[in-house]
Structures are given as C-alpha cells and as structure tokens.
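Peer 1: Could you have a look at this structure, given as structure tokens, before my questions?
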Amino acid sequence: MSQPGLERMDSMSARRMTKSLVVSLIAMNAALYAVGAYATAYIESPWGMGQFRPAIVIPLAFATLFDPVRGALGGSLGTLIADSVKHGQIYVPSLVAAVPGTLVAVLMYGWLTRKFSWPRFVLGCVLSLFVGNLVTATSYVWFVMGQPYPGLIIGLTAWWYVTMLPFAVLITPILTKAVSSSLRGNVREDIQKTSLAELKKPTVIALAVSGAVILVAGLVLLTVPSSVADLFAVGKFAPSKETLTQVITWMSIVTGIILCLTAGTVQLWSPKK
C-alpha cells in the first residue's frame with residue numbers, strides 16, 4: 001500500500017532532478033560553446049570586428065537534441081563568456097548584440113524544427129542564422145559605431161552567415177545522430193527515427209544557392225569596386241577603403257567557390273541510412 005507522504009517526496013525529488021538536469025545541460029552547452037568560440041575568437045572579419053564561429057554547431061546540437069530554450073540560453077551565455085575572456089572584462093557589445101542575436105537564432109531554429117525532419121533542419125539553419133546574424137550585426141554596429149551603417153550591417157551579416165552555414169548543416173547532423181544513439185530515451189525520439197539520407201538534397205541546395213549569391217556579389221565588387229566601396233568602408237574604415245574593398249571582394253569570390261564546391265562534394269556523397 002502506497003504512502004501519500006512518500007509519493008509527494010518522490011514527486012518533489014523528480015522535479016528537483018529535472019530542474020538539475022536542465023541547469024546542467026545549459027551549463028554544459030555554455031561551457032562547450034565558450035571554449036569552441038574562444039578557440040577561433042582571433043579569426044576576425046575584414047572589419048576587425050565579428051569572429052569566425054564554427055562552434056555554432058554546439059548550441060544548435062543542444063537545441064536539436066533537447067529543446068531550443070536550453071540551446072539558446074547556453075549559447076547566449078557561452079558567447080558572452082568567450083567574448084569577455086578575450087577582452088578581459090564583461091564585454092558589453094557582446095551583451096547587447098551577440099547575446100540577443102544568439103537567443104533569436106536558436107529559438108527561431110527550434111520553432112522551425114519543432115516537427116523535426118532533415119529538410120526542416122536545413123531550412124531552420126538557413127533562416128535562423130540569417131536572422132540571428134542580422135540582429136547581431138545591427139545591434140553591434142549601432143552600439144559600437146553609433147549609427148546603423150547599412151553596408152557594414154550587410155557585410156557582417158553575410159560574413160557570419162557564410163562562415164557558419166557549412167558547419168551548421170554538415171557537422172550538426174553527424175553530431176546529433178552520434179549523441180542520440182548513445183543517449184536513447186534521453187533525447188527527442190524523432191531525431192533517432194530520421195535518416196541522414198534525407199539531408200543530402202536540401203544541404204546541396206542551401207550551400208549551392210548561398211555560394212552562388214556570395215560569388216556573384218564578389219564578381220560585382222570586382223567589376224565595379226568604386227561604386228560600392230563607400231557602402232562598406234564607413235566611419236573609421238574610410239581611410240582604408242580601397243584595401244578593405246579588395247579584401248571583401250576576393251574573400252567573397254573564394255568563399256562562394258568553396259561553398260559551391262562543397263555542395264558538389266555533398267552531391268557525390270552517399271550517406272548511410
């Protein structure tokens with residue numbers, strides 16, 4: 001015969017355990033993302049602001065395996081830690097730009113993939129990374145530069161997007177499938193039921209289209225640099241307008257070619273189910 005007092009104690013213990021697990025997952029996400037982000041923190045954009053962040057796969061993986069809130073909170077805390085360690089103090093620009101941008105991106109990704117499939121995953125990565133990076137770029141430029149320079153916002157958004165997308169769509173699926181296989185019963189069941197074979201076509205499309213757009217943008221900059229230089233070389237970057245334009249031009253061309261070649265490689269890949 002059960003005892004009501006013991007049942008209440010078991011229920012309270014279960015709730016405490018659940019809360020402890022949530023806090024642990026957020027802390028683990030934050031720690032892993034902070035380390036991963038700091039590892040590439042000194043690889044910066046042509047403007048010397050904004051960092052190379054392949055570690056975005058970590059909060060995306062947590063959001064995919066568990067839920068977007070844990071992914072978003074851990075990712076936001078992790079990016080603040082990484083930026084603050086790099087600058088030796090609580091980095092306010094990160095707090096007003098990278099933190100809200102990460103929250104928006106991961107929560108949006110979670111909403112888009114609430115009914116999970118690999119095509120939805122790729123769509124979620126494309127849209128959430130674009131919107132999240134746009135939020136980050138707009139907030140950062142407005143806060144640091146004092147006004148929202150459109151060219152700088154476009155440039156930073158594009159740079160973050162094209163440097164994050166390949167890692168997001170290529171590494172996150174492998175990571176989540178590996179973890180879900182070892183944590184059966186503790187992660188979303190719909191992840192375990194999916195096949196990586198479904199990932200091929202949307203990944204090829206996302207990489208090819210993104211690569212083509214960036215490549216065309218680079219070729220446009222190559223042919224008419226003088227007419228667009230002022231758009232990207234604003235404020236303190238104006239004195240180095242010509243050099244900055246050349247860097248952005250060739251970086252766009254090379255990045256576009258790499259994305260297109262990556263898409264072709266994925267097209268030739270035969271994933272195991």
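Naming works like this for the structure tokens: A, B, ... for the chains as they're shown, residue 1 at the start of each chain, ligands 1 onward in shown order.
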Skipping near chain neighbours, those fewer than 2 positions away, what residues fall within 9 Å of stretch 255-272 of chain A using only C-alpha atoms, listed as a list of chain:residue names?

Peer 2: A:Val162, A:Thr163, A:Pro166, A:Ser195, A:Leu196, A:Ala197, A:Leu199, A:Lys200, A:Lys201, A:Thr203, A:Val204, A:Ile205, A:Ala206, A:Leu207, A:Ala208, A:Val209, A:Ser210, A:Gly211, A:Ala212, A:Val213, A:Ile214, A:Leu215, A:Val216, A:Ala217, A:Gly218, A:Trp250, A:Met251, A:Ser252, A:Ile253

Peer 1: Suppose you want the space between atom CA of A:Ile58 and atom CA of A:Lys86; what is it in Å?

Peer 2: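 Between atom CA of A:Ile58 and atom CA of A:Lys86 the gap works out to 19.3 Å.
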
Peer 1: Excluding same-chain residues fewer than 5 positions from A:Leu129, what lies within 8 Å of it counting only C-alpha atoms, as a PyMOL selection string?

Peer 2: chain A and resi 105+161+164-165

Peer 1: Would you mind exporting the chosen residues as a CSV table (one decimal), in the first residue's frame, restricted to N, CA and C atoms?

Peer 2:
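Saved to selection33.csv:
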chain,number,residue,atom,x,y,z
A,105,ALA,N,18.4,33.5,-32.9
A,105,ALA,CA,18.7,32.5,-33.9
A,105,ALA,C,18.3,31.1,-33.4
A,161,TYR,N,27.1,34.6,-41.7
A,161,TYR,CA,26.2,33.6,-42.3
A,161,TYR,C,27.0,32.6,-43.1
A,164,MET,N,29.3,30.3,-41.0
A,164,MET,CA,28.6,29.4,-40.0
A,164,MET,C,27.8,28.3,-40.7
A,165,LEU,N,27.2,28.7,-41.9
A,165,LEU,CA,26.2,27.7,-42.5
A,165,LEU,C,26.8,26.4,-42.9

Peer 1: Taking into account only C-alpha atoms, which residue in the set A:Gln147, A:Asn133, A:Ser45, A:Thr172 is nearest to A:Leu60?

Peer 2: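 Of A:Gln147, A:Asn133, A:Ser45, A:Thr172, the one nearest A:Leu60, counting only C-alpha atoms, is A:Thr172.
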
Peer 1: Work out how far atom CA of A:Gly78 is from atom CA of A:Ser24, in Å to one decimal.

Peer 2: 13.6 Å
